[in-house]
Amino acid sequence: MPGAYYVPIPQAPPGRDYWISRSDAAKLLWQTRRYKRARLHLPLYAMLALYTGARRGAILDLTWKQIDLVRGRIDFNPPERTQTKKRRPVIPVPRSFLAALRRAQKRASCDHVIAYQGSPVASVKTGFNSAAERAGIPECTSHTLRHTAGTWMAQRGVPMHQIAGYLGHSVARTTELYAHHHPDYMREAKAALERPRR
């Protein structure tokens, strides 16, 4: 074809395996409470990200109608949303976080969970980045908390298919991202090489 030319598309760089420790998470949560304007919605946002591993958009879209505080379930799919490649799961809420959600609902000023003065919060980026900077973890982003949730589950020995279901990943993608954090990572392969040959 005259005038046509080929432009190679570079491969995407590999993802970073960056997650934060529990002590860094505690520092971050403490710093999210520092500013009066954000002290109600920013800590709640950070806890949702850590306890659910949900993506930023799913958390900011979340309404109280999607949270069942009796059964302890969060459905990250709004009724009108079509499921996409970035699946949004229905997950059980850890008991320690359920109490925080109940307190937050009592003081709710609108239908959205992450709200400020009666309106949904459109972005937490500036406040979150400032809190991470003050906590001494400037590289920490909202996505870091998602990866941290998956990493912590793997480190505790949670099966890959359960982590996948909780995060809305495929099992293959979850294995690729978190298997090396699992205490049983390649245990059988290692054991096979350690056995004496007959």
# chains A, B, ... in the order shown; residues from 1 in each chain; ligands from 1
>>> residues_around(residues="range 145-151 of chain A", least_positions_apart="3", cutoff="9 Å", atoms="only C-alpha atoms", output="ChimeraX atom specification")
/A:17-21,25,46,49-56,140-142,154-156,163-164,166-167,174,177-179,181-182
>>> residues_around(residues="Ile91 in chain A", least_positions_apart="5", cutoff="7 Å", atoms="only C-alpha atoms", output="JSON, numbers by chain")
{"A": [73, 74, 75, 166]}
>>> select_by_dssp(residues="chain A", states="strand (DSSP E)", output="PyMOL selection string")
chain A and resi 67-68+73-75+90-92+115-116+119-120
>>> select_by_dssp(residues="chain A", states="alpha helix (DSSP H)", output="ChimeraX atom specification")
/A:22-32,41-52,56-61,95-106,125-134,142-155,160-167,171-178,187-194
>>> atom_distance(atom1="CA of Ala58 in chain A", atom2="CA of Gly136 in chain A")
26.4 Å
>>> closest_residue(among="A:Ala131, A:Ala122, A:Met186, A:Leu42", to="Asp61 in chain A", atoms="only C-alpha atoms")
A:Ala122
>>> residues_around(residues="Glu133 in chain A", least_positions_apart="6", cutoff="10 Å", atoms="only C-alpha atoms", output="PyMOL selection string")
chain A and resi 28+31+127+139-140
>>> write_last_selection(atoms="N, CA and C atoms", output="compact mmCIF listing (two decimals), in the first residue's frame")
# COMPACT_ATOMS: atom_id res chain seq x y z
N LEU A 28 0.17 5.51 57.30
CA LEU A 28 -0.63 6.14 56.25
C LEU A 28 -2.03 6.48 56.76
N GLN A 31 -1.97 9.45 58.96
CA GLN A 31 -1.77 10.71 58.22
C GLN A 31 -3.02 11.13 57.44
N GLY A 127 -5.07 14.59 48.26
CA GLY A 127 -5.05 14.30 49.69
C GLY A 127 -4.32 13.01 50.00
N GLU A 139 5.98 6.84 47.35
CA GLU A 139 5.65 6.06 46.15
C GLU A 139 4.31 5.34 46.26
N CYS A 140 3.72 5.36 47.43
CA CYS A 140 2.45 4.65 47.66
C CYS A 140 1.31 5.39 46.96
>>> atom_distance(atom1="CA of Glu176 in chain A", atom2="CA of Trp152 in chain A")
15.1 Å
>>> decode(residues="range 10-40 of chain A", atoms="N, CA and C atoms", output="compact mmCIF listing (two decimals), in the first residue's frame")
# COMPACT_ATOMS: atom_id res chain seq x y z
N PRO A 10 5.92 -0.34 21.43
CA PRO A 10 6.77 -0.95 22.46
C PRO A 10 5.94 -1.75 23.46
N GLN A 11 6.56 -2.78 24.00
CA GLN A 11 5.87 -3.60 25.00
C GLN A 11 5.72 -2.81 26.29
N ALA A 12 4.64 -3.08 26.99
CA ALA A 12 4.42 -2.42 28.28
C ALA A 12 5.49 -2.90 29.26
N PRO A 13 6.01 -1.99 30.09
CA PRO A 13 7.02 -2.41 31.07
C PRO A 13 6.39 -3.34 32.10
N PRO A 14 7.18 -4.23 32.69
CA PRO A 14 6.62 -5.13 33.70
C PRO A 14 6.14 -4.34 34.92
N GLY A 15 5.09 -4.84 35.56
CA GLY A 15 4.55 -4.18 36.74
C GLY A 15 5.52 -4.29 37.91
N ARG A 16 5.46 -3.29 38.79
CA ARG A 16 6.33 -3.32 39.97
C ARG A 16 5.66 -4.13 41.08
N ASP A 17 6.46 -4.83 41.82
CA ASP A 17 5.95 -5.60 42.96
C ASP A 17 6.14 -4.74 44.20
N TYR A 18 5.38 -3.64 44.28
CA TYR A 18 5.52 -2.71 45.40
C TYR A 18 4.29 -2.77 46.27
N TRP A 19 4.49 -3.09 47.52
CA TRP A 19 3.42 -3.14 48.51
C TRP A 19 3.97 -2.57 49.80
N ILE A 20 3.08 -2.24 50.74
CA ILE A 20 3.55 -1.63 51.98
C ILE A 20 3.34 -2.58 53.16
N SER A 21 4.14 -2.38 54.18
CA SER A 21 4.04 -3.21 55.39
C SER A 21 2.86 -2.75 56.23
N ARG A 22 2.52 -3.56 57.22
CA ARG A 22 1.41 -3.19 58.11
C ARG A 22 1.75 -1.94 58.91
N SER A 23 3.01 -1.77 59.30
CA SER A 23 3.37 -0.55 60.05
C SER A 23 3.27 0.68 59.16
N ASP A 24 3.67 0.57 57.88
CA ASP A 24 3.51 1.69 56.95
C ASP A 24 2.04 1.99 56.70
N ALA A 25 1.21 0.94 56.63
CA ALA A 25 -0.23 1.14 56.45
C ALA A 25 -0.81 1.90 57.64
N ALA A 26 -0.36 1.57 58.85
CA ALA A 26 -0.83 2.27 60.05
C ALA A 26 -0.42 3.74 60.01
N LYS A 27 0.82 4.02 59.57
CA LYS A 27 1.28 5.40 59.45
C LYS A 27 0.45 6.17 58.42
N LEU A 28 0.17 5.51 57.30
CA LEU A 28 -0.63 6.14 56.25
C LEU A 28 -2.03 6.48 56.76
N LEU A 29 -2.68 5.52 57.42
CA LEU A 29 -4.02 5.76 57.95
C LEU A 29 -4.02 6.90 58.96
N TRP A 30 -2.97 6.97 59.77
CA TRP A 30 -2.86 8.06 60.74
C TRP A 30 -2.77 9.41 60.01
N GLN A 31 -1.97 9.45 58.96
CA GLN A 31 -1.77 10.71 58.22
C GLN A 31 -3.02 11.13 57.44
N THR A 32 -3.87 10.19 57.07
CA THR A 32 -5.09 10.57 56.34
C THR A 32 -6.05 11.34 57.25
N ARG A 33 -5.85 11.27 58.55
CA ARG A 33 -6.73 11.95 59.51
C ARG A 33 -6.25 13.36 59.86
N ARG A 34 -5.13 13.77 59.32
CA ARG A 34 -4.50 15.03 59.76
C ARG A 34 -5.26 16.29 59.40
N TYR A 35 -5.87 16.32 58.19
CA TYR A 35 -6.53 17.55 57.76
C TYR A 35 -8.03 17.50 57.99
N LYS A 36 -8.54 18.57 58.59
CA LYS A 36 -9.94 18.62 58.98
C LYS A 36 -10.88 18.37 57.79
N ARG A 37 -10.57 18.95 56.63
CA ARG A 37 -11.45 18.81 55.46
C ARG A 37 -11.58 17.36 55.00
N ALA A 38 -10.52 16.58 55.19
CA ALA A 38 -10.51 15.22 54.65
C ALA A 38 -10.60 14.14 55.70
N ARG A 39 -10.69 14.52 56.98
CA ARG A 39 -10.51 13.51 58.03
C ARG A 39 -11.63 12.48 58.12
N LEU A 40 -12.77 12.73 57.46
CA LEU A 40 -13.84 11.73 57.47
C LEU A 40 -13.80 10.85 56.22
